[in-house]
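Structure file run31.cif with mmCIF, C-alpha atoms (C1' of nucleotides):
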```cif
data_upload
#
loop_
_atom_site.label_atom_id
_atom_site.label_comp_id
_atom_site.auth_asym_id
_atom_site.auth_seq_id
_atom_site.Cartn_x
_atom_site.Cartn_y
_atom_site.Cartn_z
CA MET Z 55 113.86 104.59 150.79
CA LYS Z 56 110.49 105.24 152.35
CA SER Z 57 107.81 104.15 149.99
CA ASP Z 58 105.81 107.37 150.32
CA LYS Z 59 108.78 109.44 149.33
CA LYS Z 60 109.49 107.05 146.48
CA ALA Z 61 105.91 107.44 145.32
CA ARG Z 62 106.21 111.22 145.39
CA LEU Z 63 109.36 111.18 143.34
CA GLU Z 64 107.90 108.78 140.84
CA ARG Z 65 104.86 110.96 140.43
CA ALA Z 66 107.26 113.76 139.68
CA GLY Z 67 108.61 111.74 136.80
CA TRP Z 68 111.77 110.30 138.25
CA VAL Z 69 112.73 106.75 137.74
CA VAL Z 70 113.56 105.88 141.28
CA GLY Z 71 116.12 103.18 141.20
CA ASP Z 72 117.73 100.76 143.51
CA ALA Z 73 121.05 99.13 142.79
CA ALA Z 74 119.59 97.10 139.95
CA GLN Z 75 118.13 100.05 138.12
CA PHE Z 76 120.08 99.75 134.93
CA LEU Z 77 119.53 96.06 134.89
CA THR Z 78 115.77 96.32 135.16
CA LEU Z 79 115.66 98.23 131.92
CA SER Z 80 117.29 95.45 130.03
CA ALA Z 81 115.34 92.90 132.01
CA GLN Z 82 112.16 94.39 130.61
CA GLU Z 83 113.65 94.40 127.21
CA GLN Z 84 114.42 90.75 127.68
CA ARG Z 85 110.91 89.98 128.78
CA PHE Z 86 109.73 91.78 125.68
CA VAL Z 87 111.81 89.72 123.32
CA GLU Z 88 110.79 86.53 125.09
CA LEU Z 89 107.23 87.54 124.48
CA LYS Z 90 107.89 88.13 120.82
CA LEU Z 91 109.65 84.81 120.61
CA ALA Z 92 106.72 83.02 122.18
CA LEU Z 93 104.28 84.62 119.78
CA ALA Z 94 106.53 83.88 116.83
CA THR Z 95 106.62 80.25 117.80
CA GLY Z 96 102.89 80.31 118.27
CA VAL Z 97 102.34 81.67 114.79
CA ARG Z 98 104.45 78.93 113.29
CA GLN Z 99 102.78 76.18 115.27
CA LEU Z 100 99.26 77.27 114.54
CA ARG Z 101 100.01 77.93 110.90
CA GLU Z 102 101.51 74.48 110.42
CA ARG Z 103 98.75 72.86 112.39
CA ARG Z 104 96.32 74.28 109.86
CA GLY Z 105 98.40 73.15 106.94
CA LEU Z 106 99.02 76.65 105.67
CA THR Z 107 102.17 77.74 103.90
CA GLN Z 108 103.84 81.02 104.73
CA ALA Z 109 102.69 82.30 101.36
CA ALA Z 110 99.10 81.36 102.10
CA LEU Z 111 99.15 83.12 105.44
CA ALA Z 112 100.80 86.11 103.81
CA LYS Z 113 97.96 86.33 101.30
CA ARG Z 114 95.42 86.32 104.08
CA LEU Z 115 97.29 89.10 105.81
CA GLY Z 116 97.81 91.08 102.67
CA SER Z 117 101.49 90.67 103.31
CA SER Z 118 104.31 88.70 101.75
CA GLN Z 119 106.00 85.37 102.36
CA SER Z 120 109.24 87.02 103.36
CA ARG Z 121 107.53 89.01 106.07
CA VAL Z 122 105.93 85.88 107.47
CA ALA Z 123 109.30 84.14 107.49
CA LYS Z 124 110.87 87.03 109.36
CA MET Z 125 107.97 87.08 111.74
CA GLU Z 126 108.38 83.44 112.63
CA ALA Z 127 112.07 84.09 113.10
CA ALA Z 128 111.13 86.91 115.48
CA ASP Z 129 113.16 89.30 113.37
CA THR Z 130 113.58 92.71 114.96
CA SER Z 131 111.93 94.30 111.95
CA VAL Z 132 108.54 92.82 112.73
CA SER Z 133 106.18 94.26 115.24
CA LEU Z 134 103.91 92.64 117.76
CA ASP Z 135 101.05 94.15 115.83
CA LEU Z 136 101.79 91.99 112.83
CA MET Z 137 102.19 88.92 114.98
CA MET Z 138 98.86 89.47 116.66
CA ARG Z 139 97.14 90.09 113.38
CA SER Z 140 98.66 86.88 112.13
CA LEU Z 141 97.47 84.89 115.08
CA LEU Z 142 93.99 86.29 114.65
CA SER Z 143 94.08 85.60 110.91
CA ILE Z 144 95.05 82.05 111.59
CA GLY Z 145 92.08 81.82 113.86
CA ALA Z 146 93.76 81.70 117.24
CA THR Z 147 91.39 82.27 120.11
CA ALA Z 148 92.04 84.79 122.84
CA GLY Z 149 92.64 81.89 125.15
CA GLU Z 150 95.30 80.44 122.89
CA ILE Z 151 97.08 83.76 122.63
CA ALA Z 152 96.84 84.26 126.37
CA ARG Z 153 98.36 80.85 126.89
CA LEU Z 154 101.31 81.69 124.68
CA ILE Z 155 101.98 84.74 126.77
CA LYS Z 156 101.46 83.04 130.08
CA LYS Z 157 104.07 80.49 129.12
CA THR Z 158 106.73 83.18 129.24
CA GLU Z 159 106.13 83.54 132.96
CA ALA Z 160 108.82 82.75 135.51
CA ALA Z 161 112.09 81.16 134.58
CA MET E 198 83.72 72.16 99.75
CA LYS E 199 85.75 69.08 100.57
CA SER E 200 88.26 69.95 103.21
CA ASP E 201 91.16 68.32 101.40
CA LYS E 202 90.52 70.39 98.34
CA LYS E 203 90.18 73.46 100.51
CA ALA E 204 93.52 72.68 102.12
CA ARG E 205 95.15 72.31 98.72
CA LEU E 206 93.83 75.64 97.54
CA GLU E 207 94.90 77.34 100.74
CA ARG E 208 98.37 75.95 100.42
CA ALA E 209 98.42 77.42 96.96
CA GLY E 210 97.81 80.81 98.50
CA TRP E 211 94.11 81.29 97.97
CA VAL E 212 91.89 82.61 100.65
CA VAL E 213 89.13 80.07 100.41
CA GLY E 214 86.02 81.75 101.54
CA ASP E 215 82.56 80.79 102.53
CA ALA E 216 79.67 83.21 102.46
CA ALA E 217 81.08 85.19 105.36
CA GLN E 218 84.46 85.76 103.78
CA PHE E 219 84.37 89.51 103.64
CA LEU E 220 82.98 89.65 107.11
CA THR E 221 85.74 87.57 108.63
CA LEU E 222 88.29 90.12 107.61
CA SER E 223 86.58 92.82 109.53
CA ALA E 224 85.81 90.41 112.33
CA GLN E 225 89.51 89.87 112.81
CA GLU E 226 90.04 93.56 112.67
CA GLN E 227 87.44 93.93 115.38
CA ARG E 228 89.09 91.33 117.53
CA PHE E 229 92.31 93.21 117.08
CA VAL E 230 90.91 96.49 118.28
CA GLU E 231 89.21 94.78 121.20
CA LEU E 232 92.57 93.43 122.15
CA LYS E 233 94.15 96.85 121.95
CA LEU E 234 91.33 98.25 123.99
CA ALA E 235 91.79 95.64 126.67
CA LEU E 236 95.50 96.32 126.89
CA ALA E 237 94.94 100.06 126.95
CA THR E 238 92.59 99.65 129.86
CA GLY E 239 95.08 97.38 131.53
CA VAL E 240 97.84 99.94 131.22
CA ARG E 241 95.68 102.59 132.82
CA GLN E 242 94.57 100.37 135.65
CA LEU E 243 98.01 99.09 136.52
CA ARG E 244 99.56 102.52 136.22
CA GLU E 245 97.00 104.07 138.54
CA ARG E 246 97.23 101.17 140.92
CA ARG E 247 100.90 101.96 141.29
CA GLY E 248 100.27 105.65 141.75
CA LEU E 249 102.17 106.64 138.64
CA THR E 250 101.29 109.62 136.50
CA GLN E 251 101.31 109.41 132.73
CA ALA E 252 104.41 111.58 132.73
CA ALA E 253 106.19 109.24 135.15
CA LEU E 254 105.39 106.21 133.04
CA ALA E 255 106.47 108.10 129.95
CA LYS E 256 109.84 108.81 131.51
CA ARG E 257 110.32 105.15 132.28
CA LEU E 258 109.49 104.29 128.72
CA GLY E 259 111.61 107.01 127.26
CA SER E 260 108.44 108.36 125.75
CA SER E 261 106.23 111.35 126.38
CA GLN E 262 103.09 112.04 128.35
CA SER E 263 101.07 112.64 125.22
CA ARG E 264 101.94 109.24 123.86
CA VAL E 265 100.87 107.58 127.07
CA ALA E 266 97.59 109.46 126.97
CA LYS E 267 96.96 108.32 123.39
CA MET E 268 97.92 104.83 124.36
CA GLU E 269 95.40 104.67 127.16
CA ALA E 270 92.84 106.05 124.74
CA ALA E 271 93.72 103.19 122.38
CA ASP E 272 94.47 105.76 119.69
CA THR E 273 95.04 104.19 116.29
CA SER E 274 98.47 105.78 116.20
CA VAL E 275 99.84 103.62 118.97
CA SER E 276 101.17 100.16 118.47
CA LEU E 277 100.76 97.01 120.45
CA ASP E 278 104.50 97.09 120.95
CA LEU E 279 104.32 100.26 122.97
CA MET E 280 101.45 98.92 125.02
CA MET E 281 103.32 95.76 125.84
CA ARG E 282 106.44 97.65 126.71
CA SER E 283 104.34 99.83 128.96
CA LEU E 284 102.82 96.89 130.74
CA LEU E 285 106.23 95.39 131.27
CA SER E 286 107.62 98.73 132.46
CA ILE E 287 104.83 99.01 134.94
CA GLY E 288 105.76 95.59 136.15
CA ALA E 289 102.86 93.56 134.89
CA THR E 290 103.47 89.83 135.04
CA ALA E 291 102.97 87.57 132.06
CA GLY E 292 99.97 86.17 133.89
CA GLU E 293 98.42 89.59 134.25
CA ILE E 294 98.91 90.36 130.59
CA ALA E 295 97.55 86.97 129.61
CA ARG E 296 94.50 87.63 131.74
CA LEU E 297 93.85 90.93 129.99
CA ILE E 298 93.87 89.15 126.66
CA LYS E 299 91.82 86.21 127.80
CA LYS E 300 89.13 88.61 128.93
CA THR E 301 88.48 89.55 125.32
CA GLU E 302 87.32 86.01 124.66
CA ALA E 303 83.77 85.24 123.63
CA ALA E 304 81.12 87.91 123.79
"C1'" DC K 224 90.27 134.06 141.23
"C1'" DC K 225 94.92 132.10 140.27
"C1'" DG K 226 98.49 128.65 140.09
"C1'" DT K 227 99.57 123.97 139.68
"C1'" DC K 228 99.05 119.27 138.51
"C1'" DA K 229 97.29 115.51 135.77
"C1'" DC K 230 95.45 114.39 131.52
"C1'" DA K 231 93.73 115.17 126.47
"C1'" DT K 232 94.48 116.48 121.69
"C1'" DG K 233 96.79 118.15 117.54
"C1'" DT K 234 100.86 118.70 114.60
"C1'" DC K 235 105.40 117.64 112.78
"C1'" DA K 236 110.01 115.85 111.52
"C1'" DT K 237 112.21 111.68 112.02
"C1'" DA K 238 112.67 106.72 112.92
"C1'" DT K 239 110.79 102.32 112.52
"C1'" DT K 240 108.03 98.94 110.15
"C1'" DG K 241 105.70 97.61 106.01
"C1'" DG K 242 105.17 94.94 101.40
"C1'" DA K 243 107.54 93.77 97.37
"C1'" DC K 244 111.06 91.67 94.92
"C1'" DA K 245 115.30 89.05 94.11
"C1'" DT K 246 117.75 85.34 95.34
"C1'" DA K 247 119.55 81.51 98.06
"C1'" DC K 248 118.86 77.44 100.86
"C1'" DT K 249 116.61 72.78 101.96
"C1'" DC K 250 114.07 69.05 101.29
"C1'" DG K 251 111.48 65.16 99.07
"C1'" DC K 252 110.64 63.13 94.80
"C1'" DT K 253 111.63 60.78 90.41
"C1'" DA B 180 121.42 64.83 89.07
"C1'" DG B 181 117.47 68.00 88.30
"C1'" DC B 182 112.98 69.79 89.80
"C1'" DG B 183 109.62 72.11 92.47
"C1'" DA B 184 107.53 73.55 96.77
"C1'" DG B 185 108.39 75.76 100.92
"C1'" DT B 186 111.25 78.60 103.51
"C1'" DA B 187 115.15 81.97 104.60
"C1'" DT B 188 117.58 86.34 103.95
"C1'" DG B 189 118.74 90.82 102.21
"C1'" DT B 190 117.67 95.24 100.19
"C1'" DC B 191 114.60 98.73 98.52
"C1'" DC B 192 111.40 103.00 99.46
"C1'" DA B 193 106.57 103.85 100.97
"C1'" DA B 194 103.69 103.79 104.88
"C1'" DT B 195 103.09 104.18 109.66
"C1'" DA B 196 104.38 104.98 114.52
"C1'" DT B 197 107.40 107.67 117.28
"C1'" DG B 198 108.88 111.48 120.71
"C1'" DA B 199 108.70 116.27 121.21
"C1'" DC B 200 106.24 120.20 121.67
"C1'" DA B 201 102.33 123.42 122.00
"C1'" DT B 202 98.12 124.08 123.77
"C1'" DG B 203 93.56 122.96 125.86
"C1'" DT B 204 90.59 121.12 129.66
"C1'" DG B 205 89.27 120.22 134.36
"C1'" DA B 206 90.04 119.53 139.25
"C1'" DC B 207 91.92 120.93 143.57
"C1'" DG B 208 93.95 123.98 147.04
"C1'" DG B 209 94.92 128.45 148.64
#
```
What's the structure tokens form of this structure?
Amino acid sequence: MKSDKKARLERAGWVVGDAAQFLTLSAQEQRFVELKLALATGVRQLRERRGLTQAALAKRLGSSQSRVAKMEAADTSVSLDLMMRSLLSIGATAGEIARLIKKTEAA
Amino acid sequence: MKSDKKARLERAGWVVGDAAQFLTLSAQEQRFVELKLALATGVRQLRERRGLTQAALAKRLGSSQSRVAKMEAADTSVSLDLMMRSLLSIGATAGEIARLIKKTEAA
DNA sequence: CCGTCACATGTCATATTGGACATACTCGCT
DNA sequence: AGCGAGTATGTCCAATATGACATGTGACGG
């Protein structure tokens, strides 16, 4: 497909797909869960490195131990928001967080 | 305070604070909104760079134009999750996302 | 002018995520 | 074996984020 026509269709709201269209959706979903996984691992690592228990981190967050456990397990019921807040609460720098994300690159 | 004692108290769940304790809470909150802001800006930039309208991106996400608009405005009603999904839908690489976050470092 | 397109803003019913609590599992210790 | 600290897992229902929709603005072309 000509790229100008493709652009026009996309502007019109269509998801212009090639043969792998359906796959790309789940590929993005996969990238998303990889990202969550990486952040979950990061939370655990940084927390342990600082000698904090899940309960201690929970108190800082105004959350509960069970939520922290689920978070570190990358449970589907926890959002990226909570993970980010956790990382920040632990004292992760932007660079550290960026590094966690960068690590998910490629395969 | 001795750092071993501090560690013990923290393990016990206490938020051991220095004089800036109350401030750190809001400082983290500020870092969080800066992060959201950076990602919001990133979404807009990448979307425009690819010649997509908000409606087109919304369709890809299975969302709506209004939500995309709020997202790019870093509205408090939109989650990091949606922003990340957007970036991935747009085709941002992990490196690009990491760079957006890294940029929020320092001041 | 008027229509159209892209974007902004507000509201709402519903779905997802939240903290809390109970309870179970796993160690290391004595 | 029995304990205690830390962690895991499951279920509540309250809080928040969601898509949909209506409507408003502003720019551009005719």
Point (94.7, 100.6, 126.8), cut-off 10 Å, counting only C-alpha atoms (C1' of nucleotides), residues as an mmCIF file with C-alpha atoms, keeping the file's coordinate frame:
```cif
data_model
loop_
_atom_site.group_PDB
_atom_site.id
_atom_site.type_symbol
_atom_site.label_atom_id
_atom_site.label_comp_id
_atom_site.auth_asym_id
_atom_site.auth_seq_id
_atom_site.Cartn_x
_atom_site.Cartn_y
_atom_site.Cartn_z
ATOM 1 C CA GLU E 231 89.210 94.780 121.200
ATOM 2 C CA LEU E 232 92.570 93.430 122.150
ATOM 3 C CA LYS E 233 94.150 96.850 121.950
ATOM 4 C CA LEU E 234 91.330 98.250 123.990
ATOM 5 C CA ALA E 235 91.790 95.640 126.670
ATOM 6 C CA LEU E 236 95.500 96.320 126.890
ATOM 7 C CA ALA E 237 94.940 100.060 126.950
ATOM 8 C CA THR E 238 92.590 99.650 129.860
ATOM 9 C CA GLY E 239 95.080 97.380 131.530
ATOM 10 C CA VAL E 240 97.840 99.940 131.220
ATOM 11 C CA ARG E 241 95.680 102.590 132.820
ATOM 12 C CA GLN E 242 94.570 100.370 135.650
ATOM 13 C CA VAL E 265 100.870 107.580 127.070
ATOM 14 C CA ALA E 266 97.590 109.460 126.970
ATOM 15 C CA LYS E 267 96.960 108.320 123.390
ATOM 16 C CA MET E 268 97.920 104.830 124.360
ATOM 17 C CA GLU E 269 95.400 104.670 127.160
ATOM 18 C CA ALA E 270 92.840 106.050 124.740
ATOM 19 C CA ALA E 271 93.720 103.190 122.380
ATOM 20 C CA ASP E 272 94.470 105.760 119.690
ATOM 21 C CA VAL E 275 99.840 103.620 118.970
ATOM 22 C CA LEU E 277 100.760 97.010 120.450
ATOM 23 C CA MET E 280 101.450 98.920 125.020
ATOM 24 C CA MET E 281 103.320 95.760 125.840
ATOM 25 C CA SER E 283 104.340 99.830 128.960
ATOM 26 C CA LEU E 284 102.820 96.890 130.740
#
```
Would you give me, as a PDB file with C-alpha atoms (C1' of nucleotides), in the coordinates of the input, the residues of chain K that come within 8 Å of chain E, using all atoms listed in the file?
```pdb
ATOM      1  C1'  DA K 229      97.290 115.510 135.770  1.00  0.00           C
ATOM      2  C1'  DC K 230      95.450 114.390 131.520  1.00  0.00           C
ATOM      3  C1'  DA K 231      93.730 115.170 126.470  1.00  0.00           C
TER       4       DA K 231
END
```
Should the cut-off be 10 Å, what would the residue list for chain B against chain Z look like, counting only C-alpha atoms (C1' of nucleotides), as a tab-separated table (two decimals) with C-alpha atoms (C1' of nucleotides), in the coordinates of the input?
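Dumped everything to selection23.tsv:
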```tsv
chain	number	residue	atom	x	y	z
B	184	DA	C1'	107.53	73.55	96.77
B	185	DG	C1'	108.39	75.76	100.92
B	186	DT	C1'	111.25	78.60	103.51
B	187	DA	C1'	115.15	81.97	104.60
B	188	DT	C1'	117.58	86.34	103.95
```
Can you work out the spacing between atom CA of E:Phe229 and atom CA of Z:Leu115 in Å, to one decimal?
-> 13.0 Å
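Nearest residue to chain E, choosing from Z:Arg85, Z:Lys157, Z:Thr130, Z:Ala152 and counting only C-alpha atoms: Z:Ala152.
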If I only have part of stretch 227-240 of chain E, can you fill in N, CA and C atoms and write it as a PDB file, in the frame of the given file?
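selection-v9.pdb, freshly written:
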```pdb
ATOM      1  N   GLN E 227      88.157  93.570 114.159  1.00  0.00           N
ATOM      2  CA  GLN E 227      87.440  93.930 115.380  1.00  0.00           C
ATOM      3  C   GLN E 227      88.072  93.263 116.593  1.00  0.00           C
ATOM      4  N   ARG E 228      88.432  92.016 116.419  1.00  0.00           N
ATOM      5  CA  ARG E 228      89.090  91.330 117.530  1.00  0.00           C
ATOM      6  C   ARG E 228      90.389  92.029 117.888  1.00  0.00           C
ATOM      7  N   PHE E 229      91.041  92.518 116.847  1.00  0.00           N
ATOM      8  CA  PHE E 229      92.310  93.210 117.080  1.00  0.00           C
ATOM      9  C   PHE E 229      92.105  94.485 117.889  1.00  0.00           C
ATOM     10  N   VAL E 230      91.102  95.246 117.531  1.00  0.00           N
ATOM     11  CA  VAL E 230      90.910  96.490 118.280  1.00  0.00           C
ATOM     12  C   VAL E 230      90.411  96.204 119.695  1.00  0.00           C
ATOM     13  N   GLU E 231      89.647  95.149 119.845  1.00  0.00           N
ATOM     14  CA  GLU E 231      89.210  94.780 121.200  1.00  0.00           C
ATOM     15  C   GLU E 231      90.422  94.460 122.061  1.00  0.00           C
ATOM     16  N   LEU E 232      91.352  93.785 121.445  1.00  0.00           N
ATOM     17  CA  LEU E 232      92.570  93.430 122.150  1.00  0.00           C
ATOM     18  C   LEU E 232      93.334  94.681 122.570  1.00  0.00           C
ATOM     19  N   LYS E 233      93.455  95.608 121.628  1.00  0.00           N
ATOM     20  CA  LYS E 233      94.150  96.850 121.950  1.00  0.00           C
ATOM     21  C   LYS E 233      93.426  97.585 123.074  1.00  0.00           C
ATOM     22  N   LEU E 234      92.126  97.581 122.977  1.00  0.00           N
ATOM     23  CA  LEU E 234      91.330  98.250 123.990  1.00  0.00           C
ATOM     24  C   LEU E 234      91.568  97.650 125.361  1.00  0.00           C
ATOM     25  N   ALA E 235      91.588  96.325 125.403  1.00  0.00           N
ATOM     26  CA  ALA E 235      91.790  95.640 126.670  1.00  0.00           C
ATOM     27  C   ALA E 235      93.156  95.976 127.264  1.00  0.00           C
ATOM     28  N   LEU E 236      94.163  96.011 126.402  1.00  0.00           N
ATOM     29  CA  LEU E 236      95.500  96.320 126.890  1.00  0.00           C
ATOM     30  C   LEU E 236      95.601  97.774 127.332  1.00  0.00           C
ATOM     31  N   ALA E 237      94.943  98.643 126.593  1.00  0.00           N
ATOM     32  CA  ALA E 237      94.940 100.060 126.950  1.00  0.00           C
ATOM     33  C   ALA E 237      94.341 100.240 128.345  1.00  0.00           C
ATOM     34  N   THR E 238      93.233  99.594 128.551  1.00  0.00           N
ATOM     35  CA  THR E 238      92.590  99.650 129.860  1.00  0.00           C
ATOM     36  C   THR E 238      93.509  99.087 130.935  1.00  0.00           C
ATOM     37  N   GLY E 239      94.163  98.001 130.600  1.00  0.00           N
ATOM     38  CA  GLY E 239      95.080  97.380 131.530  1.00  0.00           C
ATOM     39  C   GLY E 239      96.215  98.303 131.920  1.00  0.00           C
ATOM     40  N   VAL E 240      96.757  99.006 130.933  1.00  0.00           N
ATOM     41  CA  VAL E 240      97.840  99.940 131.220  1.00  0.00           C
ATOM     42  C   VAL E 240      97.346 100.987 132.210  1.00  0.00           C
TER      43      VAL E 240
END
```
